[in-house]
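Peer 1: My structure is stored as final.csv, with CSV, C-alpha atoms and all ligand atoms.
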chain,number,residue,atom,x,y,z
G,1,MET,CA,19.8,-0.8,6.0
G,2,SER,CA,17.6,-3.7,7.0
G,3,GLN,CA,13.8,-3.3,7.1
G,4,PRO,CA,12.4,-2.7,10.6
G,5,LEU,CA,10.6,-5.4,12.4
G,6,VAL,CA,7.0,-4.3,12.5
G,7,ILE,CA,4.9,-5.6,15.4
G,8,PRO,CA,1.3,-5.5,14.2
G,9,PHE,CA,-1.6,-5.0,16.6
G,10,PHE,CA,-5.0,-5.3,14.9
G,11,ILE,CA,-8.0,-3.3,16.2
G,12,PRO,CA,-10.8,-4.2,13.7
G,13,HIS,CA,-13.3,-1.4,13.2
G,14,GLN,CA,-12.9,-0.1,16.8
G,15,GLY,CA,-12.9,3.6,17.3
G,16,CYS,CA,-14.7,4.0,14.1
G,17,PRO,CA,-17.8,6.2,14.0
G,18,HIS,CA,-18.8,5.2,10.5
G,19,LEU,CA,-19.2,2.1,8.3
G,20,CYS,CA,-17.6,2.6,5.0
G,21,ILE,CA,-19.3,0.9,2.1
G,22,PHE,CA,-16.3,-1.4,1.5
G,23,CYS,CA,-15.5,-2.2,5.1
G,24,ASN,CA,-15.9,-5.8,6.4
G,25,GLN,CA,-14.2,-5.1,9.7
G,26,ARG,CA,-17.4,-4.9,11.8
G,27,LEU,CA,-17.8,-8.6,11.0
G,28,ILE,CA,-14.2,-9.3,11.9
G,29,ALA,CA,-14.5,-7.1,15.0
G,30,LYS,CA,-17.6,-9.0,16.1
G,31,GLN,CA,-15.8,-12.3,15.8
G,32,THR,CA,-12.7,-10.9,17.6
G,33,LEU,CA,-14.8,-9.5,20.4
G,34,GLU,CA,-16.7,-12.7,20.8
G,35,THR,CA,-13.5,-14.7,21.4
G,36,GLN,CA,-11.8,-12.1,23.5
G,37,ASN,CA,-12.7,-10.1,26.5
G,38,LEU,CA,-11.9,-6.4,26.0
G,39,SER,CA,-10.2,-6.3,29.4
G,40,SER,CA,-7.6,-8.8,28.1
G,41,GLU,CA,-6.5,-6.4,25.3
G,42,VAL,CA,-3.5,-5.0,27.2
G,43,ALA,CA,-2.3,-8.6,28.0
G,44,ARG,CA,-2.8,-9.5,24.4
G,45,LEU,CA,-0.6,-6.6,23.3
G,46,SER,CA,2.1,-7.5,25.8
G,47,ASP,CA,2.1,-11.1,24.5
G,48,ILE,CA,2.3,-10.0,20.9
G,49,ILE,CA,5.2,-7.7,21.6
G,50,GLN,CA,7.1,-10.4,23.4
G,51,THR,CA,6.4,-13.0,20.7
G,52,TYR,CA,7.5,-10.7,17.8
G,53,LEU,CA,10.7,-9.5,19.6
G,54,GLN,CA,11.9,-13.1,19.6
G,55,PHE,CA,12.1,-12.7,15.8
G,56,LYS,CA,14.0,-9.5,15.8
G,57,LYS,CA,17.3,-11.2,14.7
G,58,ASN,CA,19.8,-8.6,13.4
G,59,ARG,CA,17.2,-5.9,12.6
G,60,SER,CA,18.2,-2.5,14.0
G,61,ARG,CA,14.7,-1.0,14.3
G,62,VAL,CA,11.5,-2.2,15.8
G,63,GLU,CA,8.1,-0.5,15.2
G,64,LEU,CA,4.8,-1.2,17.0
G,65,ALA,CA,1.9,-0.7,14.6
G,66,PHE,CA,-1.7,-0.2,15.6
G,67,PHE,CA,-3.8,-0.8,12.5
G,68,GLY,CA,-7.2,-2.1,11.3
G,69,GLY,CA,-9.6,0.3,13.0
G,70,ASN,CA,-9.4,4.0,13.9
G,71,PHE,CA,-6.8,4.1,16.6
G,72,LEU,CA,-7.0,7.7,17.4
G,73,GLY,CA,-10.8,7.5,17.6
G,74,LEU,CA,-10.7,5.0,20.5
G,75,GLU,CA,-11.7,6.2,23.9
G,76,ILE,CA,-8.8,8.3,25.4
G,77,ASN,CA,-8.2,5.8,28.3
G,78,ARG,CA,-7.9,3.0,25.9
G,79,ILE,CA,-5.4,4.8,23.7
G,80,ARG,CA,-3.4,5.7,26.8
G,81,SER,CA,-3.5,2.1,28.2
G,82,LEU,CA,-2.3,0.7,24.9
G,83,LEU,CA,0.5,3.2,24.5
G,84,GLU,CA,1.5,2.8,28.2
G,85,THR,CA,1.8,-0.9,27.7
G,86,ALA,CA,4.5,-0.4,25.1
G,87,GLN,CA,6.5,2.0,27.3
G,88,PRO,CA,8.8,-0.5,29.1
G,89,TRP,CA,10.1,-1.8,25.7
G,90,ILE,CA,10.5,1.8,24.5
G,91,ARG,CA,12.5,2.8,27.6
G,92,GLN,CA,14.7,-0.3,27.2
G,93,GLY,CA,15.3,0.6,23.5
G,94,GLU,CA,13.7,-2.6,22.3
G,95,ILE,CA,10.8,-0.7,20.5
G,96,HIS,CA,12.0,2.4,18.7
G,97,SER,CA,8.7,3.9,17.5
G,98,ILE,CA,5.0,3.5,17.2
G,99,ARG,CA,2.8,4.0,14.2
G,100,CYS,CA,-1.0,3.8,13.7
G,101,SER,CA,-3.6,4.1,11.0
G,102,THR,CA,-6.6,6.4,11.6
G,103,ARG,CA,-9.3,8.5,9.9
G,104,PRO,CA,-8.4,12.0,8.8
G,105,ASP,CA,-11.3,13.4,10.9
G,106,THR,CA,-9.9,12.2,14.2
G,107,ILE,CA,-6.7,14.3,14.0
G,108,THR,CA,-6.9,17.1,16.6
G,109,PRO,CA,-4.2,19.1,18.4
G,110,GLN,CA,-5.4,17.4,21.7
G,111,ILE,CA,-5.0,13.8,20.4
G,112,LEU,CA,-1.5,14.6,19.0
G,113,ASP,CA,-0.4,16.2,22.3
G,114,LEU,CA,-1.6,13.1,24.2
G,115,THR,CA,0.1,10.5,21.9
G,116,ARG,CA,3.4,12.1,21.0
G,117,PRO,CA,5.1,11.7,24.4
G,118,PHE,CA,4.4,8.0,24.2
G,119,GLY,CA,6.5,7.6,21.1
G,120,LEU,CA,3.8,7.7,18.4
G,121,GLU,CA,5.8,8.8,15.5
G,122,THR,CA,4.0,7.9,12.2
G,123,VAL,CA,0.3,8.4,11.5
G,124,GLU,CA,-1.2,6.9,8.4
G,125,LEU,CA,-4.5,8.4,7.2
G,126,GLY,CA,-7.2,6.5,5.4
G,127,VAL,CA,-7.5,9.1,2.6
G,128,GLN,CA,-9.1,6.8,0.0
G,129,SER,CA,-10.0,9.6,-2.4
G,130,MET,CA,-9.7,13.4,-2.7
G,131,ASN,CA,-13.0,13.6,-4.5
G,132,ASP,CA,-15.8,14.5,-2.1
G,133,HIS,CA,-18.5,12.9,-4.2
G,134,VAL,CA,-16.6,9.6,-4.2
G,135,LEU,CA,-16.0,9.9,-0.5
G,136,SER,CA,-19.7,10.4,0.1
G,137,LEU,CA,-20.7,7.4,-2.1
G,138,ALA,CA,-18.2,5.3,-0.1
G,139,GLN,CA,-20.0,6.6,3.0
G,140,ARG,CA,-16.7,7.6,4.6
G,141,GLY,CA,-18.2,10.4,6.7
G,142,HIS,CA,-15.3,12.8,6.1
G,143,THR,CA,-14.2,15.1,3.3
G,144,SER,CA,-11.0,15.8,1.3
G,145,GLU,CA,-10.7,19.0,3.4
G,146,ASP,CA,-10.4,16.9,6.5
G,147,THR,CA,-7.5,15.1,4.9
G,148,CYS,CA,-5.7,18.4,4.0
G,149,ASN,CA,-6.2,19.7,7.5
G,150,ALA,CA,-5.1,16.5,9.2
G,151,LEU,CA,-1.9,16.2,7.1
G,152,ALA,CA,-1.1,19.8,7.8
G,153,LEU,CA,-1.6,19.4,11.5
G,154,LEU,CA,0.4,16.2,11.7
G,155,LYS,CA,3.3,17.8,9.8
G,156,ALA,CA,3.2,20.9,11.9
G,157,ASN,CA,3.5,18.7,15.0
G,158,GLY,CA,6.5,16.8,13.6
G,159,PHE,CA,4.8,13.5,12.9
G,160,LYS,CA,5.7,11.3,9.9
G,161,THR,CA,2.7,10.9,7.7
G,162,GLY,CA,1.2,8.2,5.5
G,163,ALA,CA,-1.7,8.3,3.0
G,164,GLN,CA,-3.7,5.2,2.0
G,165,VAL,CA,-5.6,5.6,-1.2
G,166,MET,CA,-8.1,3.3,-3.0
G,167,ILE,CA,-8.5,2.4,-6.6
G,168,GLY,CA,-11.9,1.5,-8.1
G,169,LEU,CA,-14.2,3.2,-5.6
G,170,PRO,CA,-17.9,3.7,-6.6
G,171,GLY,CA,-18.2,6.8,-8.7
G,172,ASP,CA,-14.4,7.0,-9.4
G,173,ASN,CA,-12.5,6.3,-12.6
G,174,GLU,CA,-9.0,6.6,-13.9
G,175,VAL,CA,-9.1,10.4,-14.2
G,176,GLY,CA,-10.4,10.6,-10.6
G,177,ALA,CA,-7.7,8.2,-9.3
G,178,VAL,CA,-5.0,10.3,-11.0
G,179,ARG,CA,-6.4,13.5,-9.6
G,180,THR,CA,-6.5,12.0,-6.1
G,181,ALA,CA,-2.9,10.9,-6.5
G,182,GLN,CA,-1.9,14.4,-7.7
G,183,LYS,CA,-3.7,16.1,-4.8
G,184,VAL,CA,-2.2,13.7,-2.3
G,185,ALA,CA,1.3,14.2,-3.8
G,186,GLU,CA,0.8,18.0,-3.3
G,187,LEU,CA,0.2,17.3,0.4
G,188,LYS,CA,3.6,15.5,0.6
G,189,PRO,CA,3.0,12.6,3.0
G,190,ASP,CA,6.2,10.6,3.7
G,191,LEU,CA,4.7,7.4,2.4
G,192,ALA,CA,1.7,6.0,0.6
G,193,ARG,CA,-0.2,2.7,0.4
G,194,ILE,CA,-2.4,1.9,-2.6
G,195,TYR,CA,-5.2,-0.7,-2.4
G,196,PRO,CA,-7.6,-1.8,-5.2
G,197,LEU,CA,-11.2,-2.0,-3.9
G,198,LEU,CA,-12.4,-5.5,-3.3
G,199,VAL,CA,-15.9,-6.7,-2.5
G,200,LEU,CA,-15.6,-8.5,0.8
G,201,GLN,CA,-18.2,-10.5,2.6
G,202,GLY,CA,-19.7,-8.5,5.4
G,203,SER,CA,-19.4,-5.2,3.6
G,204,LYS,CA,-22.4,-3.1,2.4
G,205,LEU,CA,-20.8,-3.2,-1.1
G,206,VAL,CA,-21.8,-6.8,-1.5
G,207,GLN,CA,-25.4,-5.7,-2.0
G,208,TRP,CA,-24.4,-3.1,-4.6
G,209,PHE,CA,-22.3,-5.7,-6.3
G,210,ARG,CA,-25.1,-8.3,-6.4
G,211,THR,CA,-27.6,-5.8,-7.8
G,212,GLY,CA,-25.2,-4.4,-10.4
G,213,GLN,CA,-25.1,-1.0,-8.8
G,214,TYR,CA,-21.3,-1.4,-8.4
G,215,VAL,CA,-19.1,-3.0,-11.0
G,216,PRO,CA,-15.6,-3.6,-9.8
G,217,LEU,CA,-12.5,-2.9,-11.9
G,218,SER,CA,-11.0,-5.8,-13.9
G,219,LEU,CA,-7.5,-6.9,-12.8
G,220,ASP,CA,-6.0,-5.2,-15.9
G,221,GLU,CA,-7.9,-2.0,-15.2
G,222,ALA,CA,-6.8,-2.0,-11.6
G,223,VAL,CA,-3.2,-2.6,-12.5
G,224,ASP,CA,-3.3,0.2,-15.1
G,225,GLN,CA,-4.8,2.8,-12.8
G,226,THR,CA,-2.5,1.8,-9.9
G,227,LYS,CA,0.5,2.1,-12.3
G,228,LYS,CA,-0.4,5.7,-12.9
G,229,VAL,CA,-0.9,6.5,-9.2
G,230,VAL,CA,2.5,4.8,-8.3
G,231,THR,CA,4.2,6.9,-11.0
G,232,ILE,CA,2.8,10.2,-9.6
G,233,PHE,CA,3.9,9.2,-6.1
G,234,LYS,CA,7.4,8.2,-7.2
G,235,ASN,CA,7.8,11.4,-9.2
G,236,ALA,CA,6.8,13.3,-6.1
G,237,LYS,CA,9.5,11.3,-4.1
G,238,ILE,CA,6.8,9.7,-1.9
G,239,SER,CA,7.8,6.2,-0.9
G,240,VAL,CA,5.2,3.6,-1.8
G,241,ALA,CA,5.1,1.3,1.1
G,242,ARG,CA,2.5,-1.2,-0.2
G,243,ILE,CA,0.5,-1.9,-3.3
G,244,GLY,CA,-2.5,-4.3,-2.8
G,245,LEU,CA,-3.8,-6.1,0.2
G,246,GLN,CA,-1.8,-8.7,1.9
G,247,ALA,CA,-2.8,-12.3,1.0
G,248,THR,CA,-4.7,-14.0,3.8
G,249,GLN,CA,-6.7,-17.2,4.0
G,250,MET,CA,-9.9,-15.1,3.6
G,251,MET,CA,-8.8,-14.0,0.1
G,252,ASP,CA,-8.7,-17.6,-1.1
G,253,ASP,CA,-12.3,-18.2,0.2
G,254,PRO,CA,-14.9,-17.4,-2.5
G,255,GLU,CA,-17.5,-17.0,0.2
G,256,GLN,CA,-15.5,-14.2,1.6
G,257,MET,CA,-13.9,-12.7,-1.5
G,258,ILE,CA,-17.0,-11.8,-3.4
G,259,GLY,CA,-15.6,-9.7,-6.3
G,260,GLY,CA,-13.0,-7.3,-7.5
G,261,PRO,CA,-9.4,-7.4,-8.8
G,262,TRP,CA,-7.9,-9.7,-6.3
G,263,HIS,CA,-4.5,-11.1,-7.0
G,264,PRO,CA,-2.1,-12.4,-4.3
G,265,ALA,CA,0.9,-10.6,-6.0
G,266,PHE,CA,-1.0,-7.4,-7.1
G,267,GLY,CA,2.0,-5.2,-6.2
G,268,HIS,CA,4.3,-7.3,-8.3
G,269,LEU,CA,1.9,-7.1,-11.3
G,270,VAL,CA,2.0,-3.3,-11.0
G,271,LEU,CA,5.7,-3.0,-10.6
G,272,SER,CA,6.3,-5.4,-13.5
G,273,ALA,CA,3.9,-3.4,-15.8
G,274,LEU,CA,5.9,-0.3,-14.9
G,275,MET,CA,9.1,-2.1,-15.7
G,276,PHE,CA,7.7,-3.2,-19.0
G,277,ASP,CA,6.9,0.4,-20.0
G,278,GLN,CA,10.3,1.5,-19.0
G,279,VAL,CA,12.0,-1.3,-21.0
G,280,CYS,CA,10.0,-0.4,-24.1
G,281,GLU,CA,11.0,3.3,-23.8
G,282,LYS,CA,14.7,2.4,-23.4
G,283,ILE,CA,14.6,0.0,-26.3
G,284,ASN,CA,12.9,2.5,-28.6
G,285,THR,CA,15.5,5.1,-27.6
G,286,ALA,CA,18.3,2.6,-28.3
G,287,LEU,CA,16.7,1.7,-31.7
G,288,ILE,CA,16.3,5.3,-32.7
G,289,LYS,CA,19.9,6.1,-31.9
G,290,GLN,CA,21.0,3.3,-34.2
G,291,GLU,CA,19.8,5.1,-37.3
G,292,GLY,CA,22.3,3.3,-39.4
G,293,LEU,CA,20.8,-0.1,-38.6
G,294,ASN,CA,18.0,-1.5,-40.6
G,295,GLN,CA,15.1,-1.7,-38.2
G,296,ARG,CA,14.1,-5.0,-39.7
G,297,ASN,CA,17.6,-6.6,-39.3
G,298,LYS,CA,17.9,-9.1,-36.5
G,299,LYS,CA,19.6,-7.6,-33.6
G,300,THR,CA,20.5,-8.3,-29.9
G,301,ILE,CA,19.6,-6.0,-27.1
G,302,VAL,CA,21.1,-6.3,-23.7
G,303,LEU,CA,18.8,-5.4,-20.8
G,304,GLN,CA,20.6,-4.6,-17.5
G,305,VAL,CA,18.8,-4.6,-14.1
G,306,HIS,CA,19.6,-4.9,-10.5
G,307,PRO,CA,19.4,-8.7,-9.4
G,308,ARG,CA,16.4,-7.9,-7.2
G,309,SER,CA,14.5,-6.5,-10.1
G,310,LEU,CA,14.9,-9.6,-12.3
G,311,SER,CA,11.5,-11.0,-11.5
G,312,ARG,CA,10.0,-7.6,-12.1
G,313,LEU,CA,11.6,-7.4,-15.5
G,314,GLN,CA,10.4,-10.8,-16.4
G,315,GLY,CA,6.9,-10.1,-15.2
G,316,ASN,CA,4.4,-12.5,-13.7
G,317,ARG,CA,4.9,-16.0,-15.3
G,318,LYS,CA,7.4,-14.3,-17.6
G,319,SER,CA,4.6,-12.2,-19.2
G,320,ASN,CA,6.9,-9.3,-19.9
G,321,ILE,CA,9.3,-11.6,-21.8
G,322,THR,CA,6.4,-12.8,-23.9
G,323,ARG,CA,5.2,-9.3,-24.6
G,324,LEU,CA,8.7,-8.1,-25.5
G,325,ALA,CA,9.1,-11.0,-28.0
G,326,GLN,CA,5.7,-10.0,-29.6
G,327,THR,CA,6.5,-6.2,-29.6
G,328,TYR,CA,10.0,-6.6,-31.0
G,329,PRO,CA,10.1,-9.8,-33.1
G,330,GLU,CA,13.4,-8.8,-34.7
G,331,VAL,CA,15.2,-8.5,-31.4
G,332,SER,CA,16.9,-11.2,-29.3
G,333,PHE,CA,17.2,-10.2,-25.6
G,334,VAL,CA,20.0,-10.9,-23.2
G,335,ILE,CA,19.5,-10.0,-19.5
G,336,GLU,CA,22.4,-9.0,-17.4
G,337,ARG,CA,22.2,-8.5,-13.6
G,338,VAL,CA,24.1,-5.4,-12.4
G,339,ASP,CA,24.6,-5.0,-8.6
G,340,ALA,CA,25.4,-1.3,-8.9
G,341,MET,CA,22.1,-0.3,-10.6
G,342,ASP,CA,19.2,1.3,-8.9
G,343,ILE,CA,16.4,-1.1,-8.1
G,344,ASP,CA,13.8,0.7,-10.3
G,345,GLN,CA,16.1,1.2,-13.3
G,346,VAL,CA,16.7,-0.7,-16.5
G,347,HIS,CA,19.3,0.0,-19.1
G,348,ALA,CA,19.1,-1.2,-22.7
G,349,TYR,CA,21.8,-1.2,-25.4
G,350,ILE,CA,22.2,-2.8,-28.8
G,351,VAL,CA,25.0,-5.3,-29.3
G,352,ARG,CA,26.7,-4.4,-32.6
G,353,PRO,CA,26.5,-7.3,-35.1
K,1,LIG,S1,-12.7,4.0,8.5
K,1,LIG,FE1,-11.7,2.0,8.3
K,1,LIG,S2,-12.4,0.7,10.0
K,1,LIG,FE2,-13.8,2.5,9.8
K,1,LIG,S3,-15.5,1.8,8.6
K,1,LIG,FE3,-14.1,2.7,7.2
K,1,LIG,S4,-12.7,1.1,6.5
K,1,LIG,FE4,-13.8,0.3,8.3
If you took the structure in this file and wrote it as structure tokens, what would it be?
Peer 2:
Amino acid sequence: MSQPLVIPFFIPHQGCPHLCIFCNQRLIAKQTLETQNLSSEVARLSDIIQTYLQFKKNRSRVELAFFGGNFLGLEINRIRSLLETAQPWIRQGEIHSIRCSTRPDTITPQILDLTRPFGLETVELGVQSMNDHVLSLAQRGHTSEDTCNALALLKANGFKTGAQVMIGLPGDNEVGAVRTAQKVAELKPDLARIYPLLVLQGSKLVQWFRTGQYVPLSLDEAVDQTKKVVTIFKNAKISVARIGLQATQMMDDPEQMIGGPWHPAFGHLVLSALMFDQVCEKINTALIKQEGLNQRNKKTIVLQVHPRSLSRLQGNRKSNITRLAQTYPEVSFVIERVDAMDIDQVHAYIVRP
């Protein structure tokens, strides 16, 4: 099935009662509000919907997504106006559902009763961490219990749920990231997004970074921690919808991107690292099975993957291929693309000499 067309409507920092240590959205919001009168918001939403629908092509589903701020924390009239604006397209079957991102502490029975009839179907929570000390250092203004309660309420009311978690928060570490992932997995959201923490201009974290109070993860550390979190979610059958922030012009601007493990293809790095681990496991199993073969003899191993996983197998700039050659100097590798294979899987077998 084709991916749905997602129509994004960005509401930077609005509806947000706090200012998280890493958030730069107040700056973006200020710029947005300076160039746009609030009363034109509904018109802007209509324009965006119409523009995106022109690109629907053969996609069977269309979702309207409110993200960026704290959608369910906006004033009730504003939530209602925005949701009402989308209704003509929903009634005509041109928009199939609505999703939003929001803080765990804004989920109440009243807000869910208000929004469900308008077609709000998926609510993604900014969970970030399940450790209350880490949440407090990040100045999130909510606790892990708020997340548990919010997810339970959303599920009881039939909403699809998402959980966004962060890697590299102040006061957190690998054990903490794994524990957060395990606790989130126990809550069984339908999907998860994982973001490494970046130090962005306009956030309070810049000061901590400049004074050495906060030391960001290196890219390798962030990839390694994220790999473990992805594995926990995948084992719990939670779909990982995104790994790493989307590349924007701001990310390439050193005045905006102050520090942290930024990489434009962070998700690819993580999935390639996971693929490398899997390949090594399969190769080791194949080698052990061939007890009759002298381990030091030259041999050829065939690696089979789905065509869409080829770049994942090879790694960023073929780094996995280089590492395989270093790890198994006695082995020559042949890569085969197999349409029938699962996208996450790799098979390895030794070709008999
Ligand atoms: S909840 Fe989101 S929008 Fe609000 S301050 Fe934190 S990161 Fe920014």
Peer 1: Which value, in Å to one decimal, gives the distance between CA of Asp172 in chain G and CA of Val206 in chain G?
Peer 2: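 CA of Val206 in chain G lies at a distance of 17.5 Å from CA of Asp172 in chain G.
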Peer 1: I'd like to know which of G:Lys160, G:Arg103, G:His142, G:Lys188 is closest to Thr122 in chain G, using only C-alpha atoms.
Peer 2: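 Ranked by minimum distance to Thr122 in chain G, first place goes to G:Lys160.
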Peer 1: So which one's closest to Glu124 in chain G, G:Arg210, G:Arg179, G:Arg193, G:Arg91? Using only C-alpha atoms, please.
Peer 2: G:Arg193
Peer 1: Give me the residues near Val346 in chain G as a PyMOL selection string, where near means some atom within 7 Å (using all atoms listed in the file) and where sequence neighbours in that chain fewer than 5 positions away do not count.
Peer 2: chain G and resi 279+303-305
Peer 1: Between G:Thr180, G:Thr161, G:Thr143, G:Asn58, single out the one closest to Arg99 in chain G, counting all atoms listed in the file.
Peer 2: G:Thr161
Peer 1: Taking all atoms listed in the file into account, report as an mmCIF file with C-alpha atoms, in the coordinates of the input which residues have an atom no farther than 6 Å from an atom of ligand LIG 1 (chain K).
Peer 2:
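The file below, part-v3.cif, is the result:
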data_model
loop_
_atom_site.group_PDB
_atom_site.id
_atom_site.type_symbol
_atom_site.label_atom_id
_atom_site.label_comp_id
_atom_site.auth_asym_id
_atom_site.auth_seq_id
_atom_site.Cartn_x
_atom_site.Cartn_y
_atom_site.Cartn_z
ATOM 1 C CA HIS G 13 -13.300 -1.400 13.200
ATOM 2 C CA CYS G 16 -14.700 4.000 14.100
ATOM 3 C CA HIS G 18 -18.800 5.200 10.500
ATOM 4 C CA LEU G 19 -19.200 2.100 8.300
ATOM 5 C CA CYS G 20 -17.600 2.600 5.000
ATOM 6 C CA CYS G 23 -15.500 -2.200 5.100
ATOM 7 C CA GLN G 25 -14.200 -5.100 9.700
ATOM 8 C CA GLY G 69 -9.600 0.300 13.000
ATOM 9 C CA ASN G 70 -9.400 4.000 13.900
ATOM 10 C CA ARG G 103 -9.300 8.500 9.900
#
Peer 1: Quote the spacing between CA of Lys228 in chain G and CA of Phe22 in chain G in Å to one decimal place.
Peer 2: 22.6 Å
Peer 1: Of the candidates G:Met257, G:Val229, G:Leu200, G:Cys148, which one gets nearest to Ala177 in chain G if we count only C-alpha atoms?
Peer 2: G:Val229
Peer 1: Pick out the closest residue to Leu191 in chain G from this set: G:Val134, G:Leu154, G:Val223, G:Leu125. Count only C-alpha atoms.
Peer 2: G:Leu125
Peer 1: Nearest residue to Glu75 in chain G out of G:Arg312, G:Leu287, G:Val230, G:Pro17, using only C-alpha atoms?
Peer 2: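 Of G:Arg312, G:Leu287, G:Val230, G:Pro17, the one nearest Glu75 in chain G, counting only C-alpha atoms, is G:Pro17.
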Peer 1: Between CA of Gln201 in chain G and CA of Gln213 in chain G, what is the distance, to one decimal in Å?
Peer 2: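 That distance, rounded to one decimal, is 16.4 Å.
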Peer 1: Ile11 in chain G: which residues within 8 Å, counting only C-alpha atoms, same-chain residues fewer than 6 positions away excluded, as a list in words?
Peer 2: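 Those residues are Ala29, Phe66, Phe67, Gly68, Gly69, Asn70 and Phe71 of chain G.
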Peer 1: Take range 309-315 of chain G from the preceding structure and save all heavy atoms as an mmCIF file, in the first residue's frame.
Peer 2:
data_model
loop_
_atom_site.group_PDB
_atom_site.id
_atom_site.type_symbol
_atom_site.label_atom_id
_atom_site.label_comp_id
_atom_site.auth_asym_id
_atom_site.auth_seq_id
_atom_site.Cartn_x
_atom_site.Cartn_y
_atom_site.Cartn_z
ATOM 1 N N SER G 309 16.765 -2.579 0.605
ATOM 2 C CA SER G 309 17.669 -2.554 1.769
ATOM 3 C C SER G 309 19.128 -2.546 1.357
ATOM 4 O O SER G 309 20.006 -2.609 2.218
ATOM 5 C CB SER G 309 17.419 -3.779 2.649
ATOM 6 O OG SER G 309 16.109 -3.774 3.087
ATOM 7 N N LEU G 310 19.379 -2.475 0.061
ATOM 8 C CA LEU G 310 20.754 -2.557 -0.417
ATOM 9 C C LEU G 310 21.629 -1.438 0.178
ATOM 10 O O LEU G 310 22.724 -1.690 0.675
ATOM 11 C CB LEU G 310 20.772 -2.487 -1.950
ATOM 12 C CG LEU G 310 22.134 -2.658 -2.580
ATOM 13 C CD1 LEU G 310 22.716 -4.030 -2.269
ATOM 14 C CD2 LEU G 310 22.063 -2.452 -4.089
ATOM 15 N N SER G 311 21.104 -0.214 0.160
ATOM 16 C CA SER G 311 21.932 0.897 0.660
ATOM 17 C C SER G 311 22.145 0.762 2.163
ATOM 18 O O SER G 311 23.168 1.151 2.707
ATOM 19 C CB SER G 311 21.313 2.247 0.313
ATOM 20 O OG SER G 311 20.123 2.398 1.009
ATOM 21 N N ARG G 312 21.174 0.181 2.863
ATOM 22 C CA ARG G 312 21.291 -0.069 4.296
ATOM 23 C C ARG G 312 22.388 -1.108 4.553
ATOM 24 O O ARG G 312 23.171 -0.991 5.480
ATOM 25 C CB ARG G 312 19.958 -0.625 4.785
ATOM 26 C CG ARG G 312 19.494 -0.057 6.070
ATOM 27 C CD ARG G 312 18.184 -0.671 6.452
ATOM 28 N NE ARG G 312 17.050 0.115 6.039
ATOM 29 C CZ ARG G 312 15.803 -0.179 6.366
ATOM 30 N NH1 ARG G 312 15.539 -1.248 7.089
ATOM 31 N NH2 ARG G 312 14.820 0.585 5.971
ATOM 32 N N LEU G 313 22.409 -2.119 3.712
ATOM 33 C CA LEU G 313 23.436 -3.168 3.853
ATOM 34 C C LEU G 313 24.828 -2.573 3.600
ATOM 35 O O LEU G 313 25.790 -2.886 4.311
ATOM 36 C CB LEU G 313 23.156 -4.308 2.859
ATOM 37 C CG LEU G 313 24.219 -5.397 2.775
ATOM 38 C CD1 LEU G 313 24.304 -6.157 4.090
ATOM 39 C CD2 LEU G 313 23.926 -6.377 1.652
ATOM 40 N N GLN G 314 24.912 -1.733 2.595
ATOM 41 C CA GLN G 314 26.217 -1.152 2.256
ATOM 42 C C GLN G 314 26.654 -0.104 3.283
ATOM 43 O O GLN G 314 27.849 0.068 3.520
ATOM 44 C CB GLN G 314 26.160 -0.516 0.868
ATOM 45 C CG GLN G 314 25.990 -1.568 -0.216
ATOM 46 C CD GLN G 314 25.801 -0.959 -1.587
ATOM 47 O OE1 GLN G 314 25.254 0.144 -1.709
ATOM 48 N NE2 GLN G 314 26.234 -1.660 -2.611
ATOM 49 N N GLY G 315 25.682 0.566 3.903
ATOM 50 C CA GLY G 315 26.000 1.595 4.896
ATOM 51 C C GLY G 315 26.330 2.918 4.230
ATOM 52 O O GLY G 315 26.502 2.996 3.002
#
